[in-house]
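File shown: run17.txt (compact mmCIF, C-alpha atoms).
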# COMPACT_ATOMS: atom_id res chain seq x y z
CA MET A 14 132.06 149.67 194.66
CA ILE A 15 129.65 150.24 191.77
CA GLU A 16 131.29 152.00 188.82
CA ARG A 17 128.92 153.70 186.37
CA LEU A 18 129.88 153.04 182.78
CA TYR A 19 127.16 155.02 181.04
CA PRO A 20 123.57 155.86 182.01
CA GLY A 21 121.81 152.77 183.32
CA THR A 22 124.91 150.57 183.18
CA SER A 23 127.42 149.71 185.90
CA LEU A 24 130.35 147.43 186.67
CA SER A 25 131.28 146.06 190.09
CA GLU A 26 134.00 143.72 191.31
CA LEU A 27 133.07 141.63 194.32
CA PRO A 28 135.45 140.43 197.07
CA SER A 29 135.40 136.98 195.44
CA GLY A 30 136.87 138.47 192.24
CA LEU A 31 133.61 138.10 190.32
CA ARG A 32 132.76 141.03 188.04
CA VAL A 33 129.10 142.05 187.84
CA LEU A 34 127.75 144.02 184.88
CA VAL A 35 124.22 145.42 185.11
CA GLU A 36 122.16 147.36 182.59
CA GLU A 37 118.86 148.68 183.90
CA VAL A 38 116.13 148.86 181.25
CA PRO A 39 113.07 150.00 183.23
CA SER A 40 110.77 149.97 180.21
CA THR A 41 110.87 146.16 180.05
CA ARG A 42 109.18 143.55 182.23
CA SER A 43 111.80 140.81 181.97
CA ALA A 44 115.45 140.20 182.73
CA SER A 45 118.24 138.36 180.93
CA LEU A 46 121.00 136.95 183.12
CA GLY A 47 124.26 135.46 181.91
CA ILE A 48 127.29 133.86 183.52
CA TRP A 49 130.26 134.22 181.20
CA VAL A 50 133.31 132.03 181.80
CA LYS A 51 136.59 132.78 180.05
CA ALA A 52 137.09 129.18 178.96
CA GLY A 53 136.26 127.48 175.69
CA SER A 54 137.48 124.81 173.33
CA ARG A 55 140.91 126.46 172.95
CA ASP A 56 141.40 125.78 176.68
CA ASP A 57 140.64 122.06 176.45
CA PRO A 58 143.48 119.74 177.54
CA ASP A 59 145.39 118.57 174.48
CA PRO A 60 144.31 114.91 174.84
CA LEU A 61 140.65 115.82 175.42
CA PRO A 62 139.24 118.23 172.84
CA GLY A 63 135.55 118.83 173.51
CA LEU A 64 135.90 118.83 177.31
CA ALA A 65 134.65 122.41 177.76
CA HIS A 66 131.50 121.61 175.80
CA PHE A 67 130.95 118.31 177.64
CA LEU A 68 131.25 120.18 180.95
CA GLU A 69 128.73 122.79 179.85
CA HIS A 70 126.23 119.99 179.22
CA LEU A 71 126.84 118.44 182.63
CA LEU A 72 126.32 121.71 184.51
CA PHE A 73 122.60 121.36 183.81
CA LYS A 74 122.38 117.76 185.00
CA GLY A 75 122.63 118.34 188.71
CA THR A 76 124.40 120.22 191.48
CA THR A 77 125.20 119.21 195.03
CA SER A 78 121.77 120.52 196.10
CA ARG A 79 119.56 120.14 192.99
CA ASP A 80 119.02 117.36 190.50
CA ALA A 81 118.20 118.07 186.85
CA MET A 82 114.45 117.99 187.48
CA ALA A 83 114.74 120.48 190.35
CA ILE A 84 116.75 122.82 188.14
CA SER A 85 114.14 122.65 185.38
CA ARG A 86 111.23 123.08 187.79
CA ALA A 87 112.83 126.10 189.45
CA ILE A 88 113.08 127.94 186.10
CA ASP A 89 109.75 126.67 184.73
CA GLY A 90 108.11 127.75 187.99
CA ILE A 91 108.95 131.38 187.27
CA GLY A 92 108.09 131.13 183.56
CA GLY A 93 111.68 131.39 182.46
CA HIS A 94 114.07 129.82 179.97
CA LEU A 95 117.51 128.35 180.80
CA ASN A 96 120.31 127.34 178.45
CA GLY A 97 124.03 127.50 177.77
CA ALA A 98 126.58 127.53 174.98
CA THR A 99 130.26 126.84 174.42
CA GLY A 100 132.51 128.68 172.00
CA LYS A 101 136.17 128.79 171.08
CA GLU A 102 137.06 131.08 173.99
CA VAL A 103 133.97 131.42 176.17
CA THR A 104 131.31 129.30 177.85
CA PHE A 105 128.14 130.97 179.08
CA LEU A 106 125.01 129.99 180.95
CA TYR A 107 121.96 132.19 180.68
CA ALA A 108 118.37 132.61 181.79
CA ASP A 109 115.56 134.80 180.46
CA VAL A 110 112.92 135.37 183.13
CA PRO A 111 110.07 137.69 184.10
CA ALA A 112 111.36 140.44 186.36
CA ASP A 113 109.97 138.89 189.54
CA GLY A 114 111.99 135.72 188.90
CA LEU A 115 115.36 137.46 189.10
CA VAL A 116 116.45 136.20 192.54
CA ILE A 117 115.52 132.58 191.82
CA ALA A 118 117.27 132.66 188.43
CA LEU A 119 120.43 134.12 189.98
CA ASP A 120 120.41 131.42 192.62
CA VAL A 121 120.04 128.65 190.03
CA LEU A 122 122.70 130.03 187.70
CA SER A 123 125.22 130.52 190.50
CA ASP A 124 124.55 126.97 191.71
CA LEU A 125 125.12 125.51 188.24
CA CYS A 126 128.33 127.48 187.85
CA GLN A 127 129.83 126.65 191.24
CA HIS A 128 128.49 123.29 192.44
CA PRO A 129 128.13 120.69 189.66
CA ALA A 130 127.69 117.21 191.09
CA PHE A 131 129.25 115.12 188.28
CA GLY A 132 127.14 112.15 189.28
CA ARG A 133 128.20 108.90 187.64
CA GLU A 134 124.79 108.10 186.12
CA GLU A 135 124.25 111.67 184.87
CA LEU A 136 127.75 111.75 183.39
CA GLU A 137 127.21 108.56 181.40
CA ASN A 138 123.76 109.64 180.21
CA GLU A 139 125.06 113.00 179.04
CA ARG A 140 128.04 111.36 177.40
CA GLY A 141 125.50 109.59 175.21
CA VAL A 142 123.76 112.88 174.43
CA VAL A 143 127.01 114.57 173.40
CA LEU A 144 127.97 111.57 171.25
CA GLU A 145 124.62 111.90 169.46
CA GLU A 146 125.33 115.60 168.93
CA LEU A 147 128.65 114.62 167.37
CA ARG A 148 126.92 112.11 165.08
CA GLY A 149 124.53 114.85 164.02
CA ARG A 150 127.48 117.10 163.22
CA ASP A 151 129.13 114.37 161.18
CA ASP A 152 125.91 113.96 159.16
CA ASP A 153 125.86 117.68 158.30
CA PRO A 154 128.13 118.31 155.28
CA GLU A 155 128.28 122.07 155.79
CA GLN A 156 129.29 121.74 159.44
CA VAL A 157 131.88 119.10 158.59
CA ALA A 158 133.26 121.39 155.89
CA HIS A 159 133.52 124.31 158.30
CA ASP A 160 135.33 122.18 160.87
CA LEU A 161 137.79 121.01 158.19
CA PHE A 162 138.38 124.62 157.18
CA THR A 163 139.01 125.65 160.79
CA THR A 164 141.28 122.68 161.46
CA GLY A 165 143.76 123.85 158.85
CA LEU A 166 143.47 127.57 159.54
CA TRP A 167 146.04 128.04 162.31
CA ARG A 168 149.70 127.09 162.41
CA ASP A 169 151.21 124.34 164.55
CA GLY A 170 147.86 122.78 165.43
CA HIS A 171 146.86 125.76 167.55
CA PRO A 172 143.94 125.06 169.95
CA LEU A 173 141.70 127.42 167.94
CA SER A 174 141.82 124.75 165.24
CA ARG A 175 139.79 122.37 167.40
CA SER A 176 136.14 121.63 166.94
CA VAL A 177 134.13 122.95 169.89
CA LEU A 178 132.30 119.61 170.08
CA GLY A 179 135.48 117.54 170.10
CA GLU A 180 135.65 114.00 168.74
CA LYS A 181 133.75 110.84 169.60
CA LYS A 182 136.84 109.02 170.86
CA THR A 183 137.85 111.84 173.23
CA ILE A 184 134.35 112.28 174.64
CA ALA A 185 134.18 108.52 175.18
CA MET A 186 137.35 108.59 177.31
CA ALA A 187 136.69 111.73 179.40
CA THR A 188 136.28 110.98 183.11
CA GLY A 189 134.53 112.68 185.98
CA HIS A 190 137.95 113.61 187.34
CA ASP A 191 138.87 115.30 184.04
CA LEU A 192 135.69 117.36 184.13
CA ALA A 193 136.02 118.26 187.81
CA GLU A 194 139.62 119.38 187.34
CA TYR A 195 138.71 121.53 184.34
CA HIS A 196 135.88 123.07 186.34
CA ARG A 197 138.14 123.75 189.34
CA ARG A 198 140.69 125.48 187.14
CA PHE A 199 138.46 127.73 185.04
CA TYR A 200 135.17 128.22 186.90
CA GLN A 201 136.59 130.46 189.59
CA PRO A 202 135.08 133.90 190.27
CA LYS A 203 138.00 135.91 188.91
CA ASN A 204 137.54 134.16 185.57
CA VAL A 205 133.77 134.78 185.45
CA VAL A 206 131.51 137.74 184.60
CA LEU A 207 127.88 137.94 185.70
CA VAL A 208 125.66 140.10 183.48
CA ALA A 209 122.08 141.20 184.18
CA CYS A 210 120.01 143.30 181.77
CA GLY A 211 116.39 144.42 181.79
CA ALA A 212 113.96 145.20 184.59
CA VAL A 213 116.61 144.85 187.28
CA ASP A 214 117.96 146.93 190.16
CA THR A 215 121.74 147.25 190.23
CA GLN A 216 122.11 147.14 194.00
CA GLN A 217 119.86 144.10 194.29
CA VAL A 218 121.87 142.19 191.69
CA VAL A 219 125.17 143.10 193.36
CA ASP A 220 123.87 142.16 196.81
CA CYS A 221 122.50 138.82 195.58
CA ALA A 222 125.72 137.98 193.74
CA THR A 223 127.80 138.87 196.80
CA GLY A 224 125.86 136.35 198.85
CA LEU A 225 125.81 133.62 196.21
CA PHE A 226 129.35 133.52 194.88
CA GLU A 227 132.00 132.09 197.17
CA THR A 228 135.67 132.96 197.34
CA PRO A 229 137.73 129.80 196.72
CA ALA A 230 140.36 129.07 199.35
CA ALA A 231 143.25 128.51 196.94
CA PRO A 232 142.23 128.93 193.30
CA PRO A 233 144.71 127.48 190.79
CA ALA A 234 146.61 129.74 188.45
CA LEU A 235 144.92 130.28 185.13
CA PRO A 236 146.95 128.91 182.20
CA THR A 237 148.46 131.26 179.64
CA ARG A 238 146.99 131.04 176.16
CA GLN A 239 149.22 130.45 173.16
CA LEU A 240 149.20 133.21 170.53
CA PRO A 241 147.65 131.94 167.25
CA ARG A 242 149.16 132.55 163.82
CA MET A 243 147.13 132.07 160.66
CA LYS A 244 148.35 129.56 158.10
CA SER A 245 148.20 130.19 154.35
CA GLY A 246 147.85 127.56 151.66
CA ARG A 247 145.29 125.40 149.89
CA SER A 248 143.79 122.05 150.83
CA THR A 249 141.11 119.74 149.48
CA HIS A 250 138.99 117.14 151.23
CA ASP A 251 137.24 114.58 149.05
CA ARG A 252 133.69 113.95 150.30
CA GLU A 253 130.70 112.20 148.74
CA THR A 254 128.42 115.24 148.83
CA PHE A 255 126.27 116.93 146.21
CA GLN A 256 127.92 120.31 146.78
CA THR A 257 131.48 121.48 147.10
CA HIS A 258 131.98 123.77 150.07
CA PHE A 259 134.42 126.52 149.21
CA TYR A 260 136.15 128.57 151.93
CA VAL A 261 138.62 131.42 151.66
CA GLY A 262 140.21 132.57 154.89
CA LEU A 263 141.93 135.96 154.89
CA PRO A 264 143.82 137.75 157.68
CA GLY A 265 141.41 139.28 160.18
CA ILE A 266 141.83 141.25 163.38
CA CYS A 267 141.26 140.55 167.05
CA ALA A 268 138.10 141.50 168.92
CA CYS A 269 139.75 144.39 170.75
CA ASP A 270 141.23 146.05 167.66
CA PRO A 271 139.50 149.36 166.84
CA GLY A 272 139.87 148.47 163.17
CA ARG A 273 137.04 145.96 163.61
CA PHE A 274 134.49 148.67 162.82
CA ALA A 275 135.96 149.26 159.36
CA LEU A 276 136.23 145.51 158.74
CA GLU A 277 132.55 145.12 159.66
CA VAL A 278 131.72 147.74 157.02
CA LEU A 279 133.89 145.95 154.47
CA ASP A 280 132.26 142.63 155.35
CA THR A 281 128.80 144.15 154.95
CA VAL A 282 129.66 145.47 151.50
CA ILE A 283 131.21 142.23 150.26
CA GLY A 284 129.16 139.36 151.62
CA ALA A 285 126.76 140.14 154.46
CA GLY A 286 123.24 140.04 153.11
CA PRO A 287 121.24 140.44 149.91
CA SER A 288 122.66 143.87 149.02
CA SER A 289 126.27 142.66 149.17
CA ARG A 290 128.47 142.34 146.11
CA LEU A 291 128.98 138.59 146.28
CA PHE A 292 125.30 137.81 146.87
CA ARG A 293 124.43 139.85 143.82
CA LEU A 294 127.22 138.57 141.57
CA VAL A 295 127.28 134.91 142.55
CA ARG A 296 123.62 134.23 143.34
CA GLU A 297 121.41 136.85 141.74
CA GLU A 298 123.21 137.49 138.43
CA ARG A 299 124.73 134.06 137.74
CA GLY A 300 122.73 131.59 139.84
CA LEU A 301 125.90 129.80 140.91
CA ALA A 302 125.06 129.22 144.58
CA TYR A 303 122.24 129.35 147.08
CA THR A 304 124.54 130.35 149.94
CA VAL A 305 127.39 132.80 149.47
CA ALA A 306 128.54 134.99 152.32
CA SER A 307 131.41 136.56 154.19
CA PHE A 308 131.86 136.89 157.93
CA GLY A 309 134.46 137.95 160.45
CA SER A 310 135.59 135.80 163.38
CA TYR A 311 137.04 137.93 166.16
CA HIS A 312 139.03 136.18 168.88
CA SER A 313 140.74 137.84 171.83
CA ASP A 314 144.17 137.67 170.18
CA ALA A 315 143.54 136.91 166.50
CA GLY A 316 140.92 136.98 163.78
CA VAL A 317 140.02 135.71 160.34
CA TRP A 318 137.82 137.12 157.60
CA THR A 319 136.08 134.30 155.74
CA ILE A 320 134.31 134.03 152.40
CA TYR A 321 132.15 130.95 151.84
CA ALA A 322 130.11 129.49 149.00
CA GLY A 323 128.38 126.14 148.55
CA THR A 324 128.04 125.19 144.90
CA ALA A 325 127.92 122.32 142.42
CA PRO A 326 131.39 120.78 141.87
CA GLU A 327 131.46 121.80 138.21
CA LYS A 328 130.81 125.45 139.16
CA VAL A 329 133.58 125.85 141.74
CA ALA A 330 136.10 127.29 139.28
CA GLU A 331 133.59 129.92 138.12
CA VAL A 332 132.62 130.82 141.68
CA SER A 333 136.26 131.15 142.70
CA ASP A 334 136.93 133.34 139.67
CA VAL A 335 134.09 135.70 140.61
CA ILE A 336 135.34 135.93 144.19
CA LEU A 337 138.96 136.45 143.14
CA THR A 338 137.95 139.16 140.67
CA GLU A 339 136.00 141.00 143.37
CA LEU A 340 138.86 140.81 145.84
CA ARG A 341 141.23 142.21 143.21
CA HIS A 342 138.80 145.01 142.49
CA LEU A 343 138.75 145.76 146.20
CA ARG A 344 142.52 146.05 146.32
CA GLN A 345 142.53 148.35 143.32
CA ASP A 346 139.39 150.48 143.74
CA GLY A 347 138.12 150.05 147.30
CA ILE A 348 134.42 150.63 147.93
CA THR A 349 132.21 153.49 146.81
CA PRO A 350 130.74 156.29 148.95
CA GLU A 351 127.29 154.83 148.30
CA GLU A 352 128.38 151.40 149.57
CA LEU A 353 129.90 152.99 152.66
CA ALA A 354 126.67 154.83 153.44
CA LEU A 355 124.53 151.73 152.89
CA ALA A 356 126.76 149.54 155.09
CA LYS A 357 126.71 152.12 157.88
CA ALA A 358 122.93 152.32 157.73
CA LYS A 359 122.61 148.53 157.91
CA LEU A 360 125.01 148.17 160.85
CA ARG A 361 123.42 151.09 162.67
CA GLY A 362 119.99 149.58 162.23
CA THR A 363 121.13 146.17 163.42
CA LEU A 364 122.51 147.73 166.59
CA ILE A 365 119.35 149.75 167.24
CA LEU A 366 117.10 146.71 166.72
CA SER A 367 119.23 144.67 169.13
CA LEU A 368 118.52 147.20 171.89
CA ASP A 369 114.91 145.96 171.98
CA SER A 370 116.16 142.60 173.29
CA ASN A 371 117.45 142.19 176.83
CA GLY A 372 119.18 139.02 175.67
CA ASP A 373 121.07 140.89 172.95
CA ARG A 374 122.04 143.59 175.43
CA MET A 375 123.30 140.97 177.85
CA GLY A 376 125.26 139.22 175.11
CA ARG A 377 126.88 142.45 173.94
CA LEU A 378 128.06 143.34 177.43
CA GLY A 379 129.12 139.85 178.44
CA SER A 380 131.12 139.07 175.32
CA ALA A 381 133.00 142.36 175.65
CA ALA A 382 133.72 142.02 179.37
CA VAL A 383 134.94 138.44 179.30
CA ILE A 384 137.66 139.23 176.73
CA GLU A 385 138.54 142.59 178.33
CA ARG A 386 137.26 144.68 175.43
CA GLU A 387 136.29 148.29 176.04
CA ILE A 388 132.58 148.53 176.83
CA LEU A 389 131.00 151.27 174.75
CA SER A 390 127.50 152.65 174.99
CA PRO A 391 125.21 152.22 171.98
CA GLU A 392 125.54 155.94 171.36
CA GLU A 393 129.34 155.69 171.35
CA LEU A 394 129.15 152.77 168.92
CA VAL A 395 126.97 154.77 166.55
CA VAL A 396 129.37 157.73 166.74
CA ARG A 397 132.33 155.48 165.89
CA LEU A 398 130.41 153.89 163.05
CA ASP A 399 129.28 157.21 161.62
CA ALA A 400 132.84 158.56 161.78
CA LEU A 401 134.22 155.85 159.49
CA THR A 402 135.61 157.08 156.19
CA LEU A 403 136.60 155.52 152.89
CA ASP A 404 140.22 155.78 154.06
CA ASP A 405 139.38 153.65 157.12
CA VAL A 406 137.86 150.97 154.91
CA SER A 407 140.87 151.18 152.57
CA LEU A 408 143.08 150.39 155.56
CA ALA A 409 140.88 147.39 156.39
CA ILE A 410 141.27 146.21 152.78
CA GLU A 411 145.03 146.62 153.03
CA ARG A 412 145.12 144.61 156.26
CA SER A 413 142.79 141.78 155.24
CA VAL A 414 142.63 141.41 151.45
CA ARG A 415 146.05 139.80 151.15
CA LEU A 416 145.51 136.98 148.70
CA GLU A 417 149.06 135.68 149.04
CA GLU A 418 148.24 134.88 152.68
CA SER A 419 144.86 133.27 152.01
CA ASN A 420 143.83 129.86 153.27
CA VAL A 421 141.64 128.11 150.69
CA VAL A 422 139.72 124.93 151.47
CA LEU A 423 137.49 122.86 149.19
CA VAL A 424 135.36 120.09 150.65
CA GLY A 425 133.38 117.90 148.26
CA PRO A 426 133.59 115.33 145.48
CA GLN A 427 136.63 115.15 143.19
CA GLY A 428 138.48 117.65 145.35
CA ASP A 429 141.87 117.16 143.72
CA ASP A 430 140.49 117.63 140.19
CA ILE A 431 138.59 120.74 141.16
CA ALA A 432 141.59 122.24 142.93
CA GLU A 433 143.54 122.32 139.66
CA ASN A 434 141.08 124.92 138.36
CA VAL A 435 141.04 127.06 141.51
CA ALA A 436 143.82 129.53 142.07
CA LEU A 437 143.45 132.28 144.65
CA SER A 438 146.74 134.11 144.65
Representation of the structure as structure tokens:
Amino acid sequence: MIERLYPGTSLSELPSGLRVLVEEVPSTRSASLGIWVKAGSRDDPDPLPGLAHFLEHLLFKGTTSRDAMAISRAIDGIGGHLNGATGKEVTFLYADVPADGLVIALDVLSDLCQHPAFGREELENERGVVLEELRGRDDDPEQVAHDLFTTGLWRDGHPLSRSVLGEKKTIAMATGHDLAEYHRRFYQPKNVVLVACGAVDTQQVVDCATGLFETPAAPPALPTRQLPRMKSGRSTHDRETFQTHFYVGLPGICACDPGRFALEVLDTVIGAGPSSRLFRLVREERGLAYTVASFGSYHSDAGVWTIYAGTAPEKVAEVSDVILTELRHLRQDGITPEELALAKAKLRGTLILSLDSNGDRMGRLGSAAVIEREILSPEELVVRLDALTLDDVSLAIERSVRLEESNVVLVGPQGDDIAENVALS
């Protein structure tokens, strides 16, 4: 049965357990298709971090009926683009194609999702590719710093602490059996959402998906995820870099919490873009950093609000003082009506601009559906945004700007010496 969510958008559940989300955008001439799997790095087996990402790579290297060249030719032959990505909680495969390539793209994506071959030669070749990706990560100081920040962010070594890419030693030891077992466990229809947006017909997408996705005979039970708890404290990591990377993690909220709208406004005011307080105070007025920003990370059952700056080692104490002063001002005075209005306008505009992209539409729907978040129309989102008040933002400040619970990480040269001059409390 096709359930209408709002005009042009529908949700169906097929006999296989697969959910199908479709948004018809007749004014376009293309379609964006995505297969969203509720499995990411937090679901990796404990001895094999990076397995979800390794599997995502291998899905494109051949199925039981297509080799890698046949996959590429099928998408190139309709003028499309095919790719995938792995996150902390989700893996997705997607294709952007002209409208007349819809059926072929659906066939290819469903094949990649359901029938990976895990050929020995392809596995070893792709192992080398992933190991090179890991070497590239290890050569990137900012990415290394972020991974070190994340590693110490959650208590008891929670799986959210893991790097999505894993580690060289674990990728080197992963076997075809490990990958096949992970695939069997997580890539089952009831754990997958298919999303199609653009110049598509809902009934055609549902009919195609019904024929392409099989019902497994005895799917294994999906494992229960462990609830994460944020860890407070301060740590330093001495690295021979020219900058010190400075992170402050503050309590956030989960992706399904309605308070996320107010936190997005707060984030916009403090560190999201050139009009934000920290950009102005740290970069424009004092010239202390090239990059200074804040951002929210919203997981299905937890979240963190992060402030980041990359600066010269001798300037870390000054940067931290500016950030601490601003956070204290927030606790005491909140934000102004003018800042609230400006943040709303920016967020509203970002949403409206995203509606011109079928890929953005597909991503919005897929990311919501795969974590069981309420799917709102763009109009409903604007209404909720416009309804936000200063009191709502004050509540977000109360929930997140809790300096005694902060997690502060410094990555760079002379970390221990620098840390003596940095006190966020």
Among the residues A:His171, A:Gly286, A:Cys221, A:Val213, the one that comes closest to Thr22 of chain A [using only C-alpha atoms]: A:Val213
Residue neighbourhood Leu147 of chain A, 7 Å, only C-alpha atoms, exclusion window fewer than 3 positions, as a tab-separated table (two decimals) with C-alpha atoms, in the frame of the given file:
chain	number	residue	atom	x	y	z
A	143	VAL	CA	127.01	114.57	173.40
A	144	LEU	CA	127.97	111.57	171.25
A	150	ARG	CA	127.48	117.10	163.22
A	151	ASP	CA	129.13	114.37	161.18
A	178	LEU	CA	132.30	119.61	170.08
A	181	LYS	CA	133.75	110.84	169.60
Show me, as a list in words, the residues that have an atom within 12 Å of Lys328 of chain A when counting only C-alpha atoms, minus same-chain residues fewer than 3 positions from it.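 Contacts, in chain order: Phe255, Gln256, Thr257, His258, Phe259, Val295, Arg299, Gly300, Leu301, Ala302, Ala322, Gly323, Thr324, Ala325, Glu331, Val332, Ser333, Asp334, Val335, Ile431, Ala432, Asn434 and Val435 of chain A.
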Could you check which of A:Val208, A:Leu398, A:Val422, A:Ala83 is closest to Thr163 of chain A, using only C-alpha atoms?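 Among the listed residues, the smallest separation from Thr163 of chain A belongs to A:Val422.
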Residues near Leu408 of chain A, anyone? I mean within 10 Å using all atoms listed in the file, not counting same-chain ones fewer than 6 positions away, as an NGL selection string. :A and (272 or 275-276 or 347 or 414)
Of the listed residues A:Ile117, A:Ala130, A:Val177, A:Leu207, that which approaches Gly63 of chain A most closely, counting all atoms listed in the file: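 Ranked by minimum distance to Gly63 of chain A, first place goes to A:Val177.
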Nearest-residue call for Lys182 of chain A, choices A:Arg374, A:Arg252, A:Arg415, A:Arg140, using all atoms listed in the file: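 Residue with the minimum atom-to-atom distance to Lys182 of chain A: A:Arg140.
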In Å to one decimal, how far is atom CA of Leu72 of chain A from atom CA of Arg197 of chain A? 12.9 Å
What does the structure give for the distance between atom CA of His312 of chain A and atom CA of Cys267 of chain A, in Å to one decimal?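 The value is 5.2 Å.
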Selected residue of minimal separation from Ala354 of chain A among A:Ser390, A:Thr319, A:Ser289, A:Thr402, counting all atoms listed in the file: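 Smallest separation from Ala354 of chain A among the options: A:Thr402.
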Counting all atoms listed in the file, the residue of A:Glu194, A:Asp160, A:Asp399, A:Glu146 that sits nearest Phe274 of chain A: A:Asp399
